[in-house]
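Visitor: Have a peek at input.pdb (PDB, C-alpha atoms).
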ATOM      1  CA  MET F   1       0.000   0.000   0.000
ATOM      2  CA  ASN F   2       1.250   3.462  -0.790
ATOM      3  CA  LEU F   3       0.293   5.698   2.126
ATOM      4  CA  THR F   4       1.618   9.178   1.462
ATOM      5  CA  HIS F   5       0.563  11.034   4.615
ATOM      6  CA  ILE F   6      -2.046  11.343   7.309
ATOM      7  CA  GLU F   7      -4.911  13.057   5.538
ATOM      8  CA  HIS F   8      -6.770  13.913   8.733
ATOM      9  CA  LEU F   9      -7.483  13.011  12.319
ATOM     10  CA  GLY F  10     -11.096  12.774  13.408
ATOM     11  CA  ILE F  11     -11.720  14.055  16.938
ATOM     12  CA  ALA F  12     -15.086  13.575  18.634
ATOM     13  CA  VAL F  13     -16.313  16.566  20.643
ATOM     14  CA  ASN F  14     -19.547  17.312  22.439
ATOM     15  CA  SER F  15     -19.913  20.698  20.813
ATOM     16  CA  LEU F  16     -18.160  22.425  17.919
ATOM     17  CA  GLU F  17     -19.170  25.741  19.403
ATOM     18  CA  THR F  18     -17.122  25.177  22.558
ATOM     19  CA  ALA F  19     -14.253  23.189  20.985
ATOM     20  CA  ILE F  20     -13.475  25.468  18.016
ATOM     21  CA  PRO F  21     -12.310  28.358  20.269
ATOM     22  CA  TYR F  22      -9.780  26.034  21.951
ATOM     23  CA  TYR F  23      -8.300  24.992  18.589
ATOM     24  CA  GLU F  24      -8.237  28.592  17.399
ATOM     25  CA  SER F  25      -7.229  30.677  20.397
ATOM     26  CA  VAL F  26      -5.095  28.177  22.334
ATOM     27  CA  LEU F  27      -3.554  26.040  19.582
ATOM     28  CA  GLY F  28      -3.554  28.871  17.060
ATOM     29  CA  LEU F  29      -5.128  26.887  14.201
ATOM     30  CA  LYS F  30      -7.737  28.359  11.892
ATOM     31  CA  CYS F  31     -11.108  26.752  11.253
ATOM     32  CA  TYR F  32     -11.502  26.976   7.470
ATOM     33  CA  ALA F  33     -14.725  25.008   6.969
ATOM     34  CA  VAL F  34     -17.769  23.726   8.813
ATOM     35  CA  GLU F  35     -19.737  21.034   7.030
ATOM     36  CA  GLU F  36     -22.595  18.690   7.928
ATOM     37  CA  VAL F  37     -22.200  15.078   6.795
ATOM     38  CA  ALA F  38     -25.774  13.886   7.126
ATOM     39  CA  GLU F  39     -24.995  10.263   6.290
ATOM     40  CA  GLN F  40     -22.547  10.059   9.202
ATOM     41  CA  ARG F  41     -24.826  12.097  11.454
ATOM     42  CA  VAL F  42     -22.132  14.626  12.297
ATOM     43  CA  LYS F  43     -21.257  18.259  11.913
ATOM     44  CA  THR F  44     -17.574  18.732  11.152
ATOM     45  CA  ALA F  45     -15.108  21.573  11.537
ATOM     46  CA  PHE F  46     -11.767  21.533   9.702
ATOM     47  CA  PHE F  47      -8.339  22.903  10.611
ATOM     48  CA  LYS F  48      -5.048  22.424   8.788
ATOM     49  CA  ILE F  49      -1.691  21.717  10.390
ATOM     50  CA  GLY F  50       1.166  20.857   8.046
ATOM     51  CA  GLN F  51       0.073  18.022   5.746
ATOM     52  CA  THR F  52      -2.741  16.981   8.026
ATOM     53  CA  LYS F  53      -6.247  18.205   8.755
ATOM     54  CA  ILE F  54      -7.960  18.033  12.085
ATOM     55  CA  GLU F  55     -11.641  17.220  11.678
ATOM     56  CA  LEU F  56     -13.730  17.919  14.764
ATOM     57  CA  LEU F  57     -16.868  15.789  14.858
ATOM     58  CA  GLU F  58     -20.019  16.777  16.699
ATOM     59  CA  SER F  59     -22.740  14.175  16.669
ATOM     60  CA  THR F  60     -26.183  15.175  15.432
ATOM     61  CA  ASP F  61     -27.772  11.913  16.640
ATOM     62  CA  PRO F  62     -27.005   9.966  19.856
ATOM     63  CA  GLU F  63     -27.485   6.745  17.844
ATOM     64  CA  GLY F  64     -24.960   7.776  15.186
ATOM     65  CA  PRO F  65     -21.367   6.507  15.184
ATOM     66  CA  VAL F  66     -19.882   9.544  16.920
ATOM     67  CA  GLY F  67     -22.754   9.770  19.399
ATOM     68  CA  LYS F  68     -22.154   6.161  20.409
ATOM     69  CA  PHE F  69     -18.391   6.688  20.599
ATOM     70  CA  ILE F  70     -18.759   9.637  22.978
ATOM     71  CA  GLU F  71     -21.249   7.771  25.137
ATOM     72  CA  LYS F  72     -18.805   4.862  25.486
ATOM     73  CA  LYS F  73     -15.418   6.568  25.592
ATOM     74  CA  GLY F  74     -16.041  10.288  26.033
ATOM     75  CA  GLU F  75     -14.601  13.041  23.893
ATOM     76  CA  GLY F  76     -11.312  12.211  22.183
ATOM     77  CA  ILE F  77      -9.512  11.037  19.077
ATOM     78  CA  HIS F  78     -12.002   9.037  17.021
ATOM     79  CA  HIS F  79     -10.159   7.915  13.898
ATOM     80  CA  ILE F  80      -7.071   8.307  11.754
ATOM     81  CA  ALA F  81      -7.341   8.781   8.002
ATOM     82  CA  PHE F  82      -4.551   7.927   5.587
ATOM     83  CA  ALA F  83      -4.323   9.283   2.045
ATOM     84  CA  VAL F  84      -3.977   6.491  -0.524
ATOM     85  CA  GLU F  85      -3.993   6.130  -4.269
ATOM     86  CA  GLY F  86      -6.140   3.381  -5.767
ATOM     87  CA  LEU F  87      -8.653   3.014  -2.965
ATOM     88  CA  GLN F  88     -10.640   0.028  -4.281
ATOM     89  CA  GLU F  89      -7.470  -1.952  -5.028
ATOM     90  CA  THR F  90      -6.159  -1.066  -1.568
ATOM     91  CA  LEU F  91      -9.353  -2.306   0.072
ATOM     92  CA  ASN F  92      -9.114  -5.590  -1.820
ATOM     93  CA  MET F  93      -5.479  -5.974  -0.779
ATOM     94  CA  VAL F  94      -6.003  -5.324   2.937
ATOM     95  CA  ALA F  95      -9.048  -7.598   3.009
ATOM     96  CA  GLU F  96      -6.907 -10.390   1.579
ATOM     97  CA  LYS F  97      -4.512  -9.801   4.468
ATOM     98  CA  GLY F  98      -7.271 -10.292   7.017
ATOM     99  CA  VAL F  99      -8.449  -6.746   7.679
ATOM    100  CA  ILE F 100     -12.201  -6.417   8.282
ATOM    101  CA  LEU F 101     -13.737  -3.784   5.991
ATOM    102  CA  ILE F 102     -16.537  -1.563   7.270
ATOM    103  CA  ASP F 103     -16.935  -0.300   3.701
ATOM    104  CA  LYS F 104     -16.291  -2.899   1.011
ATOM    105  CA  SER F 105     -16.206  -0.203  -1.624
ATOM    106  CA  PRO F 106     -15.545   3.542  -1.463
ATOM    107  CA  ARG F 107     -18.255   6.033  -0.588
ATOM    108  CA  LYS F 108     -18.354   9.829  -0.432
ATOM    109  CA  GLY F 109     -17.008  11.537   2.681
ATOM    110  CA  ALA F 110     -16.443  15.141   3.712
ATOM    111  CA  GLU F 111     -14.672  17.480   1.279
ATOM    112  CA  GLY F 112     -15.645  15.306  -1.711
ATOM    113  CA  LEU F 113     -13.135  12.561  -0.939
ATOM    114  CA  ASN F 114     -13.754   8.908  -1.650
ATOM    115  CA  ILE F 115     -13.414   7.099   1.664
ATOM    116  CA  ALA F 116     -13.675   3.703   3.315
ATOM    117  CA  PHE F 117     -13.268   2.578   6.921
ATOM    118  CA  LEU F 118     -11.398  -0.432   8.303
ATOM    119  CA  HIS F 119     -12.738  -2.092  11.437
ATOM    120  CA  PRO F 120     -10.736  -1.385  14.626
ATOM    121  CA  LYS F 121     -11.019  -5.042  15.646
ATOM    122  CA  SER F 122      -8.570  -5.827  12.871
ATOM    123  CA  THR F 123      -6.362  -2.728  13.166
ATOM    124  CA  PHE F 124      -5.249  -2.970  16.801
ATOM    125  CA  GLY F 125      -7.986  -0.732  18.135
ATOM    126  CA  VAL F 126      -7.577   2.139  15.679
ATOM    127  CA  LEU F 127     -10.615   3.057  13.608
ATOM    128  CA  THR F 128      -8.847   3.631  10.289
ATOM    129  CA  GLU F 129     -10.100   5.531   7.259
ATOM    130  CA  LEU F 130      -8.546   5.413   3.822
ATOM    131  CA  CYS F 131      -9.133   8.457   1.607
ATOM    132  CA  GLU F 132      -8.645   9.049  -2.078
ATOM    133  CA  ASP F 133      -8.935  12.422  -3.736
ATOM    134  CA  PRO F 134     -10.901  11.815  -6.980
ATOM    135  CA  ASN F 135      -9.431  14.976  -8.472
ATOM    136  CA  LYS F 136      -5.847  13.795  -8.275
TER     137      LYS F 136
ATOM    138  CA  MET J   1       1.376  29.319  19.398
ATOM    139  CA  ASN J   2       3.278  28.261  16.311
ATOM    140  CA  LEU J   3       2.408  24.616  15.642
ATOM    141  CA  THR J   4       4.193  23.513  12.489
ATOM    142  CA  HIS J   5       2.992  19.924  12.107
ATOM    143  CA  ILE J   6       1.899  16.798  13.936
ATOM    144  CA  GLU J   7       5.173  15.383  15.230
ATOM    145  CA  HIS J   8       3.711  12.001  16.098
ATOM    146  CA  LEU J   9       0.662  10.044  17.112
ATOM    147  CA  GLY J  10       0.956   7.726  20.101
ATOM    148  CA  ILE J  11      -1.002   4.488  19.730
ATOM    149  CA  ALA J  12      -1.402   2.096  22.665
ATOM    150  CA  VAL J  13      -1.074  -1.591  21.757
ATOM    151  CA  ASN J  14      -1.005  -4.738  23.832
ATOM    152  CA  SER J  15       2.099  -6.042  22.106
ATOM    153  CA  LEU J  16       4.630  -4.488  19.751
ATOM    154  CA  GLU J  17       5.450  -7.957  18.494
ATOM    155  CA  THR J  18       1.957  -8.511  17.128
ATOM    156  CA  ALA J  19       1.204  -4.905  16.096
ATOM    157  CA  ILE J  20       4.419  -4.130  14.178
ATOM    158  CA  PRO J  21       3.658  -6.709  11.434
ATOM    159  CA  TYR J  22       0.285  -5.037  10.792
ATOM    160  CA  TYR J  23       1.906  -1.621  10.336
ATOM    161  CA  GLU J  24       4.612  -3.101   8.135
ATOM    162  CA  SER J  25       2.916  -5.721   5.991
ATOM    163  CA  VAL J  26      -0.619  -4.291   5.761
ATOM    164  CA  LEU J  27      -0.035  -0.520   5.898
ATOM    165  CA  GLY J  28       3.366  -0.759   4.241
ATOM    166  CA  LEU J  29       5.203   1.435   6.764
ATOM    167  CA  LYS J  30       8.693   0.613   8.017
ATOM    168  CA  CYS J  31       9.598   0.337  11.693
ATOM    169  CA  TYR J  32      12.843   2.303  11.969
ATOM    170  CA  ALA J  33      13.407   2.236  15.734
ATOM    171  CA  VAL J  34      12.383   0.411  18.886
ATOM    172  CA  GLU J  35      13.170   2.193  22.134
ATOM    173  CA  GLU J  36      12.293   1.691  25.789
ATOM    174  CA  VAL J  37      11.259   4.825  27.693
ATOM    175  CA  ALA J  38      11.673   3.598  31.268
ATOM    176  CA  GLU J  39      10.264   6.741  32.873
ATOM    177  CA  GLN J  40       6.987   6.314  30.951
ATOM    178  CA  ARG J  41       6.995   2.532  31.474
ATOM    179  CA  VAL J  42       6.637   1.798  27.779
ATOM    180  CA  LYS J  43       8.436   0.204  24.882
ATOM    181  CA  THR J  44       7.982   2.203  21.701
ATOM    182  CA  ALA J  45       8.220   1.414  18.001
ATOM    183  CA  PHE J  46       8.477   4.205  15.428
ATOM    184  CA  PHE J  47       7.230   4.508  11.849
ATOM    185  CA  LYS J  48       7.279   7.535   9.573
ATOM    186  CA  ILE J  49       4.477   8.657   7.279
ATOM    187  CA  GLY J  50       4.898  12.028   5.590
ATOM    188  CA  GLN J  51       5.709  14.657   8.229
ATOM    189  CA  THR J  52       4.368  12.520  11.055
ATOM    190  CA  LYS J  53       5.632   9.578  13.078
ATOM    191  CA  ILE J  54       3.500   6.824  14.454
ATOM    192  CA  GLU J  55       4.721   5.756  17.886
ATOM    193  CA  LEU J  56       3.349   2.415  19.037
ATOM    194  CA  LEU J  57       3.324   2.130  22.823
ATOM    195  CA  GLU J  58       3.467  -1.180  24.677
ATOM    196  CA  SER J  59       3.154  -0.870  28.428
ATOM    197  CA  THR J  60       5.849  -2.459  30.578
ATOM    198  CA  ASP J  61       3.834  -1.944  33.778
ATOM    199  CA  PRO J  62       0.045  -2.293  34.277
ATOM    200  CA  GLU J  63       0.224   0.685  36.664
ATOM    201  CA  GLY J  64       1.968   2.906  34.099
ATOM    202  CA  PRO J  65       0.062   5.477  32.022
ATOM    203  CA  VAL J  66      -0.338   3.272  28.952
ATOM    204  CA  GLY J  67      -1.178   0.203  31.033
ATOM    205  CA  LYS J  68      -3.981   2.117  32.721
ATOM    206  CA  PHE J  69      -5.192   3.547  29.411
ATOM    207  CA  ILE J  70      -5.495   0.097  27.852
ATOM    208  CA  GLU J  71      -7.264  -1.285  30.904
ATOM    209  CA  LYS J  72      -9.818   1.518  30.733
ATOM    210  CA  LYS J  73     -10.270   2.074  26.992
ATOM    211  CA  GLY J  74      -8.561  -0.817  25.223
ATOM    212  CA  GLU J  75      -5.992  -0.518  22.446
ATOM    213  CA  GLY J  76      -6.209   2.659  20.394
ATOM    214  CA  ILE J  77      -4.960   6.172  19.748
ATOM    215  CA  HIS J  78      -3.452   7.430  22.998
ATOM    216  CA  HIS J  79      -2.172  10.935  22.297
ATOM    217  CA  ILE J  80      -1.355  13.512  19.664
ATOM    218  CA  ALA J  81       1.959  15.358  19.684
ATOM    219  CA  PHE J  82       2.469  18.735  18.046
ATOM    220  CA  ALA J  83       5.864  20.154  17.125
ATOM    221  CA  VAL J  84       6.408  23.617  18.621
ATOM    222  CA  GLU J  85       9.217  26.104  18.958
ATOM    223  CA  GLY J  86       9.802  27.656  22.374
ATOM    224  CA  LEU J  87       8.275  24.942  24.522
ATOM    225  CA  GLN J  88       8.545  26.620  27.944
ATOM    226  CA  GLU J  89       7.050  29.862  26.636
ATOM    227  CA  THR J  90       4.273  27.875  24.975
ATOM    228  CA  LEU J  91       3.471  26.075  28.226
ATOM    229  CA  ASN J  92       3.265  29.381  30.072
ATOM    230  CA  MET J  93       0.982  30.791  27.384
ATOM    231  CA  VAL J  94      -1.469  27.864  27.299
ATOM    232  CA  ALA J  95      -1.572  27.732  31.110
ATOM    233  CA  GLU J  96      -2.567  31.383  31.139
ATOM    234  CA  LYS J  97      -5.418  30.475  28.787
ATOM    235  CA  GLY J  98      -6.717  27.864  31.239
ATOM    236  CA  VAL J  99      -5.075  24.664  29.984
ATOM    237  CA  ILE J 100      -4.076  22.235  32.763
ATOM    238  CA  LEU J 101      -0.413  21.233  32.439
ATOM    239  CA  ILE J 102       0.652  17.690  33.284
ATOM    240  CA  ASP J 103       4.257  18.870  32.931
ATOM    241  CA  LYS J 104       4.865  22.436  34.070
ATOM    242  CA  SER J 105       8.280  22.395  32.435
ATOM    243  CA  PRO J 106       9.765  20.296  29.629
ATOM    244  CA  ARG J 107      11.254  16.875  30.253
ATOM    245  CA  LYS J 108      13.045  14.372  28.013
ATOM    246  CA  GLY J 109      10.952  12.074  25.832
ATOM    247  CA  ALA J 110      11.715   9.481  23.174
ATOM    248  CA  GLU J 111      14.186  10.389  20.421
ATOM    249  CA  GLY J 112      15.828  13.079  22.589
ATOM    250  CA  LEU J 113      12.969  15.560  22.231
ATOM    251  CA  ASN J 114      11.931  17.967  24.976
ATOM    252  CA  ILE J 115       8.301  17.244  25.697
ATOM    253  CA  ALA J 116       5.393  18.219  27.922
ATOM    254  CA  PHE J 117       1.832  16.942  28.192
ATOM    255  CA  LEU J 118      -1.417  18.897  28.502
ATOM    256  CA  HIS J 119      -4.251  17.357  30.480
ATOM    257  CA  PRO J 120      -7.131  15.975  28.374
ATOM    258  CA  LYS J 121      -9.654  17.492  30.786
ATOM    259  CA  SER J 122      -8.697  20.885  29.394
ATOM    260  CA  THR J 123      -8.181  19.882  25.743
ATOM    261  CA  PHE J 124     -11.587  18.374  24.912
ATOM    262  CA  GLY J 125     -10.565  14.805  25.710
ATOM    263  CA  VAL J 126      -7.350  14.713  23.693
ATOM    264  CA  LEU J 127      -4.178  13.897  25.619
ATOM    265  CA  THR J 128      -1.878  16.430  23.952
ATOM    266  CA  GLU J 129       1.903  16.465  23.871
ATOM    267  CA  LEU J 130       4.030  19.402  22.792
ATOM    268  CA  CYS J 131       7.505  18.549  21.472
ATOM    269  CA  GLU J 132      10.554  20.660  20.824
ATOM    270  CA  ASP J 133      13.646  19.431  19.052
ATOM    271  CA  PRO J 134      16.595  20.795  21.073
ATOM    272  CA  ASN J 135      18.845  20.454  18.025
ATOM    273  CA  LYS J 136      16.830  22.851  15.892
TER     274      LYS J 136
END
For the file at hand, write its structure as structure tokens.
Guide:
Amino acid sequence: MNLTHIEHLGIAVNSLETAIPYYESVLGLKCYAVEEVAEQRVKTAFFKIGQTKIELLESTDPEGPVGKFIEKKGEGIHHIAFAVEGLQETLNMVAEKGVILIDKSPRKGAEGLNIAFLHPKSTFGVLTELCEDPNK
Amino acid sequence: MNLTHIEHLGIAVNSLETAIPYYESVLGLKCYAVEEVAEQRVKTAFFKIGQTKIELLESTDPEGPVGKFIEKKGEGIHHIAFAVEGLQETLNMVAEKGVILIDKSPRKGAEGLNIAFLHPKSTFGVLTELCEDPNK
């Protein structure tokens, strides 16, 4: 697999409204976009640091994936997303090596990326997203 | 604060021996160093991806910080480390803004970096490390 960099880190927060000021005024990052991803039942806020984005995730539904995560584990780092080229081929390859796929084929994520998640049971506890930019 | 990039991500695993092959043969990253950090009661394994390192953490003591983390939350992403310049000044600045410091002044971490941790209670659930390279 050709992983070039960490595309983003997903961080679950109770409220974008209270978390964004910490990232801006304490860490000095700039929120450049807020976007709702209805399918994932989250509102997201994006910051850039070097090659990597930080994606804050506020749940819009207690039964959604981020709502359940916060109920179980509290606020914190939710997932890591790697940038890859050839996402479908990569999914086939990791599945052959025993990784459990949450998404067997790519779907649309935030910022127009094609994305797929790997199950943390097969990735040593790390919910892992693979992202491909369709415009590259 | 001038954060330039994500220096590393710390990921708690039960066993380096079983986790390293996943990072190498599935994700295609190369483990370039294994180091014990006695003070933190961990063995660490390092990988590089773009600007960022992945630091796997195996606890050497159930009462150590990573041992307790795994007991409470299971394997998974443990902390995020940002590269900064002027670590002591940065700690003073974030403390003034209400962040709780785990380390009031820098101490030595893996790879010879000066490091300090911020308490997750004051950083929206994210155990946050600030790192300064003393050779830069």
Visitor: Considering only C-alpha atoms, extract the chain J residues located within 9 Å of chain F and return them as a ChimeraX atom specification.
Guide: /J:1-6,11-14,19,22-23,25-29,49-52,73-80,93-94,97,99,120,123-127
Visitor: What's the separation between CA of Ala45 in chain J and CA of Ala110 in chain J, in Å to one decimal place?
Guide: 10.2 Å
Visitor: Rounded to one decimal place, report the CA of Glu55 in chain J-CA of Lys30 in chain F distance in Å.
Guide: 26.5 Å
Visitor: For the structure shown, which residues end up in the PyMOL selection byres ((chain J and resi 37) around 10)? Put them as a ChimeraX atom specification, please?
Guide: /J:34-36,38-44,57,59-60,108-111
Visitor: Calculate how many Å separate CA of Leu130 in chain J from CA of Leu113 in chain J, rounding to one decimal.
Guide: 9.7 Å
Visitor: Grab all the atoms of range 90-99 of chain F that the file lists, wrap them in a box along x, y and z, add 6 Å per side, and give me centre plus edge lengths in Å (one decimal) as JSON.
Guide:
{"center_x": -6.9, "center_y": -5.7, "center_z": 2.9, "size_x": 16.8, "size_y": 21.3, "size_z": 21.5}
Visitor: Given the file shown, determine the residues that the PyMOL selection byres ((chain F and resi 102) around 10) selects; report them as a list in words.
Guide: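 With the shown file as input, the PyMOL selection byres ((chain F and resi 102) around 10) matches Val99, Ile100, Leu101, Asp103, Lys104, Ser105, Ala116, Phe117, Leu118, His119, Pro120, Leu127, Thr128 and Glu129 of chain F.
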Visitor: The PyMOL selection byres ((chain F and resi 85) around 7) on the file shown: which residues, as a list in words?
Guide: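 Evaluating the PyMOL selection byres ((chain F and resi 85) around 7) on this file yields Asn2, Val84, Gly86, Leu87 and Glu132 of chain F.
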